[in-house]
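> This structure is in structure tokens; I'll ask about it shortly.
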Amino acid sequence: MPKPNAAQNWDAFAQISVGETLHGIKLHADELLRTLESHGIQRALVSALKPRDYDLASANAQLAAAVNDQPALIGLARVDPWQGERAIKSLDDGIRSLGLAGIHLAPWEENFAVNSPVVEPLLKYAETRDLPVRIAAGYPVVSEPTQILAVARKFSDVRFLISHCGTLDNSGMGTEAVLRLAKATANTWFETSMTYRRDLILQLVNEAGPYRVCFGSSLPKCNIAVELERVKSLEVDNDARSFIMGQSLVEFIGFEP
Amino acid sequence: MIIIDAHAHLGPFPEFQYRPGEELIADMDRTNIDQAVVMGFGDEPGPESALGNMLDEVAQYPNRLLPLARMDPRYGSEAERRFRHVLEHGEVLGLKLHPISNLSNPFNAQSLALIRIAAEYGLPTLVHSGSEAICHPEAIGEAAKALPNAPIIMGHMGGYFHCADAIQVAEKHRNIYLETSTMPYPDWIQDAIERIGTERIIFGSDQPAGDPVVELKKIESLDLTNASKALILGGNISRLLKLSHA
């Protein structure tokens, strides 16, 4: 197992509001940073909450403006694959002009199945440019662990961060599929927020490795103190905890900011 | 303040690891939980003798563990007979129904028959809720509507996707109680308190899958008076189970 060397704690899954959001949730970049700082987190991987006007290109531009003023935040371009060529252009603008560092896919809110062919042009773009891809995962119908497995196998050179450890099934039946995904792929990382099954997080740490597990808060939807408790109460050693709290995410994004 | 975990599991089940009583008690001691309402992972009747195994474990910790009988409504009169038997012998304090496990809608005739029996003894039924149609809060609401005098605890208060539905259902049916485990949103618990009051909110952890530390943190993060906190963490379930310290 590699040794962790991250000096900073990271939040792998936060979102900020840029203008009016679809669901009325608000969290500005400076508010996010204050919240993170008060809980001992120095940096975060962020994307834009869905804007009320559905204009993701504009949201990405506003996100980039916000994170460019805040070096502690690394921004991801949020794109809707149903937009076809416009999605590719929006992504290209986000990466090359705005300086965003990767892709955020939200299959539930953008209403696409993550394993649909409609997503592939975006993933080919990620593959070509060695961009990390974060997936809002575990949503029924659109981003279940076996759907992500199909994508991660097909795009084995793309790094995927899978939110909520890949399952939002509170009947507890997603665990086996998540572990299959973790064992069958080497290009997947797992983010902890909202994961109620402590045994799933622990099995991912033990069977996939702590260097593929990342702490996330799901701010502003969730409570960071509660989400931190999921990692604090895990029975893992200090090296594993260091990976989960920072170094794993540094390896996922592919550079040390 | 007495802390009672209203939703914990005990015994063997293939999808989950075996959970012996001593491990549950150790987790309870570590997290200052005084008592836990326990149920098996499997249904009765069933291939795993889940209820008998669980009651054997419970017998070792009679002052700490409060058993519910997890029944399979598909067995109809046989399930009713076995449920009545353990109630009559004072071996359980209520009923657990898991629609995902037993593929029975909570409002169908077989499920209602079991809920009715629990209510005859003045005891509650805990029903798992979540995303699937068969355990949607509105499906549980239909059972509450059919049996308005039967206390029904909605486990997980709708889970990841249906907290709003759970609260709406609890607003419509005063015999619905919301149990807080697994759903990750303290804000929804706060909202529920404001809309239906603290008397129908019940703390649970869903151990061993759920982490009692995390689940307690959700309650601690709420804006509550000590009296309200005492009700949520133990008073409400104690009252429903007619425990001596209620």
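Convention: chains lettered A, B, ... in structure tokens order; per-chain residue numbering from 1; ligands numbered from 1 as shown.
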Residues of chain A near chain B: apply a cut-off of 10 Å, count only C-alpha atoms, and supply the list as a short mmCIF file (atom, residue, chain, number, x, y, z; two decimals) with N, CA and C atoms, in the first residue's frame.


```
data_model
loop_
_atom_site.label_atom_id
_atom_site.label_comp_id
_atom_site.auth_asym_id
_atom_site.auth_seq_id
_atom_site.Cartn_x
_atom_site.Cartn_y
_atom_site.Cartn_z
N TYR A 139 -28.25 6.68 -7.92
CA TYR A 139 -29.65 7.06 -8.17
C TYR A 139 -30.35 5.95 -8.97
N PRO A 140 -31.59 5.62 -8.54
CA PRO A 140 -32.30 4.54 -9.23
C PRO A 140 -32.45 4.85 -10.71
N LEU A 168 -27.64 4.47 -3.24
CA LEU A 168 -28.58 5.20 -2.38
C LEU A 168 -29.79 4.31 -2.12
N ASP A 169 -29.51 3.07 -1.82
CA ASP A 169 -30.56 2.09 -1.56
C ASP A 169 -30.61 1.82 -0.07
N ASN A 170 -31.58 2.39 0.61
CA ASN A 170 -31.62 2.21 2.06
C ASN A 170 -32.26 0.89 2.46
N SER A 171 -32.56 0.04 1.46
CA SER A 171 -32.90 -1.34 1.79
C SER A 171 -31.63 -2.17 1.89
N GLY A 172 -30.50 -1.55 1.59
CA GLY A 172 -29.19 -2.19 1.82
C GLY A 172 -28.75 -3.15 0.75
N MET A 173 -29.46 -3.18 -0.37
CA MET A 173 -29.19 -4.22 -1.36
C MET A 173 -28.17 -3.81 -2.43
N THR A 175 -24.99 -3.08 -1.88
CA THR A 175 -23.62 -3.32 -1.44
C THR A 175 -22.85 -4.28 -2.34
N GLU A 176 -23.47 -5.37 -2.68
CA GLU A 176 -22.78 -6.39 -3.46
C GLU A 176 -22.36 -5.85 -4.82
N SER A 193 -20.13 10.42 1.21
CA SER A 193 -21.29 11.12 1.77
C SER A 193 -22.58 10.33 1.59
N MET A 194 -23.44 10.42 2.58
CA MET A 194 -24.78 9.82 2.58
C MET A 194 -24.77 8.30 2.67
N THR A 195 -23.60 7.68 2.77
CA THR A 195 -23.52 6.22 2.78
C THR A 195 -23.86 5.70 4.17
N TYR A 196 -25.07 5.16 4.33
CA TYR A 196 -25.48 4.80 5.68
C TYR A 196 -24.82 3.52 6.15
N ARG A 197 -24.39 2.66 5.21
CA ARG A 197 -23.83 1.36 5.63
C ARG A 197 -22.34 1.51 5.93
N ARG A 198 -22.01 1.50 7.21
CA ARG A 198 -20.61 1.62 7.60
C ARG A 198 -19.81 0.42 7.13
N ASP A 199 -20.47 -0.75 7.04
CA ASP A 199 -19.75 -1.94 6.58
C ASP A 199 -19.37 -1.81 5.10
N LEU A 200 -20.14 -1.07 4.33
CA LEU A 200 -19.78 -0.87 2.93
C LEU A 200 -18.53 0.00 2.82
N SER A 218 -21.35 16.28 0.57
CA SER A 218 -22.64 16.55 -0.07
C SER A 218 -23.23 17.89 0.37
N LYS A 221 -26.52 20.01 0.55
CA LYS A 221 -27.69 19.16 0.80
C LYS A 221 -27.61 18.49 2.18
N CYS A 222 -26.38 18.16 2.59
CA CYS A 222 -26.22 17.41 3.84
C CYS A 222 -25.46 18.21 4.89
N ASN A 223 -25.26 17.60 6.03
CA ASN A 223 -24.64 18.25 7.19
C ASN A 223 -23.21 17.74 7.32
N ALA A 225 -20.93 17.97 9.60
CA ALA A 225 -20.54 17.34 10.87
C ALA A 225 -20.98 15.87 10.90
N VAL A 226 -22.18 15.63 10.41
CA VAL A 226 -22.67 14.24 10.34
C VAL A 226 -21.83 13.44 9.36
N GLU A 227 -21.54 14.04 8.21
CA GLU A 227 -20.78 13.31 7.18
C GLU A 227 -19.36 13.00 7.65
N LEU A 228 -18.76 13.93 8.37
CA LEU A 228 -17.41 13.67 8.91
C LEU A 228 -17.42 12.51 9.89
N GLU A 229 -18.52 12.39 10.61
CA GLU A 229 -18.62 11.33 11.61
C GLU A 229 -18.54 9.95 10.96
N ARG A 230 -19.02 9.83 9.73
CA ARG A 230 -18.94 8.53 9.04
C ARG A 230 -17.49 8.06 8.91
N VAL A 231 -16.58 9.00 8.68
CA VAL A 231 -15.17 8.64 8.52
C VAL A 231 -14.48 8.55 9.88
N LYS A 232 -14.80 9.49 10.75
CA LYS A 232 -14.16 9.48 12.08
C LYS A 232 -14.43 8.18 12.81
N SER A 233 -15.64 7.65 12.67
CA SER A 233 -15.98 6.47 13.47
C SER A 233 -15.56 5.16 12.80
N LEU A 234 -14.99 5.24 11.60
CA LEU A 234 -14.52 4.02 10.93
C LEU A 234 -13.34 3.42 11.68
#
```

> Could you name the residues that touch Pro81 in chain A at 9 Å or less, counting only C-alpha atoms, but leaving out those on the same chain fewer than 3 positions away, as a ChimeraX atom specification?

/A:84-88,105,110,112,118-122

> Pick out the closest residue to Ile25 in chain B from this set: B:Val58, B:Ile115, B:Met1, B:Ile167. Count only C-alpha atoms.

B:Val58

> In range 30-167 of chain A, what's strand (DSSP E) per DSSP? Answer as number ranges by chain?

A: 43-48, 73-75, 77-78, 103-105, 133-135, 160-162

> Only N, CA and C atoms, please: the residues just picked out, written as an mmCIF file, in the first residue's frame.


```cif
data_model
loop_
_atom_site.group_PDB
_atom_site.id
_atom_site.type_symbol
_atom_site.label_atom_id
_atom_site.label_comp_id
_atom_site.auth_asym_id
_atom_site.auth_seq_id
_atom_site.Cartn_x
_atom_site.Cartn_y
_atom_site.Cartn_z
ATOM 1 N N ARG A 43 -9.745 22.052 1.487
ATOM 2 C CA ARG A 43 -9.990 22.199 0.053
ATOM 3 C C ARG A 43 -11.212 21.379 -0.369
ATOM 4 N N ALA A 44 -11.765 21.725 -1.521
ATOM 5 C CA ALA A 44 -12.947 20.980 -1.985
ATOM 6 C C ALA A 44 -12.996 20.919 -3.499
ATOM 7 N N LEU A 45 -13.573 19.832 -3.969
ATOM 8 C CA LEU A 45 -13.847 19.639 -5.385
ATOM 9 C C LEU A 45 -15.315 20.007 -5.590
ATOM 10 N N VAL A 46 -15.561 21.045 -6.392
ATOM 11 C CA VAL A 46 -16.923 21.600 -6.445
ATOM 12 C C VAL A 46 -17.462 21.648 -7.871
ATOM 13 N N SER A 47 -18.767 21.617 -7.951
ATOM 14 C CA SER A 47 -19.459 21.883 -9.220
ATOM 15 C C SER A 47 -20.617 22.815 -8.901
ATOM 16 N N ALA A 48 -21.290 23.268 -9.960
ATOM 17 C CA ALA A 48 -22.418 24.185 -9.766
ATOM 18 C C ALA A 48 -23.684 23.398 -9.461
ATOM 19 N N LEU A 73 -10.579 25.915 -3.872
ATOM 20 C CA LEU A 73 -11.648 25.171 -4.552
ATOM 21 C C LEU A 73 -11.204 24.778 -5.960
ATOM 22 N N ILE A 74 -11.433 23.526 -6.294
ATOM 23 C CA ILE A 74 -11.168 23.029 -7.645
ATOM 24 C C ILE A 74 -12.526 22.804 -8.306
ATOM 25 N N GLY A 75 -12.730 23.431 -9.465
ATOM 26 C CA GLY A 75 -14.041 23.388 -10.110
ATOM 27 C C GLY A 75 -14.143 22.315 -11.185
ATOM 28 N N ALA A 77 -16.609 21.041 -14.527
ATOM 29 C CA ALA A 77 -17.620 21.496 -15.488
ATOM 30 C C ALA A 77 -18.815 20.551 -15.453
ATOM 31 N N ARG A 78 -19.980 21.126 -15.243
ATOM 32 C CA ARG A 78 -21.212 20.326 -15.248
ATOM 33 C C ARG A 78 -21.810 20.372 -16.656
ATOM 34 N N ILE A 103 -14.927 16.870 -15.078
ATOM 35 C CA ILE A 103 -16.350 16.817 -15.454
ATOM 36 C C ILE A 103 -17.179 16.364 -14.256
ATOM 37 N N HIS A 104 -18.334 16.992 -14.077
ATOM 38 C CA HIS A 104 -19.325 16.513 -13.109
ATOM 39 C C HIS A 104 -20.561 16.071 -13.879
ATOM 40 N N LEU A 105 -20.918 14.813 -13.730
ATOM 41 C CA LEU A 105 -22.130 14.279 -14.359
ATOM 42 C C LEU A 105 -23.200 14.065 -13.297
ATOM 43 N N VAL A 133 -13.603 12.370 -13.939
ATOM 44 C CA VAL A 133 -15.067 12.478 -14.083
ATOM 45 C C VAL A 133 -15.719 12.102 -12.761
ATOM 46 N N ARG A 134 -16.503 13.023 -12.218
ATOM 47 C CA ARG A 134 -17.250 12.734 -10.986
ATOM 48 C C ARG A 134 -18.703 12.457 -11.356
ATOM 49 N N ILE A 135 -19.232 11.358 -10.820
ATOM 50 C CA ILE A 135 -20.617 10.957 -11.125
ATOM 51 C C ILE A 135 -21.461 11.039 -9.855
ATOM 52 N N PHE A 160 -12.926 7.718 -12.561
ATOM 53 C CA PHE A 160 -14.281 8.059 -12.133
ATOM 54 C C PHE A 160 -14.353 8.162 -10.605
ATOM 55 N N LEU A 161 -14.905 9.260 -10.131
ATOM 56 C CA LEU A 161 -15.213 9.382 -8.697
ATOM 57 C C LEU A 161 -16.711 9.135 -8.542
ATOM 58 N N ILE A 162 -17.046 8.143 -7.753
ATOM 59 C CA ILE A 162 -18.423 7.676 -7.632
ATOM 60 C C ILE A 162 -18.971 8.151 -6.289
#
```

> Need to verify the contact set: Phe190 in chain A, 9 Å, only C-alpha atoms, exclusion of same-chain residues closer than 3 positions in sequence. Can you return it as a PyMOL selection string?

chain A and resi 160-166+182+201+204+212-215
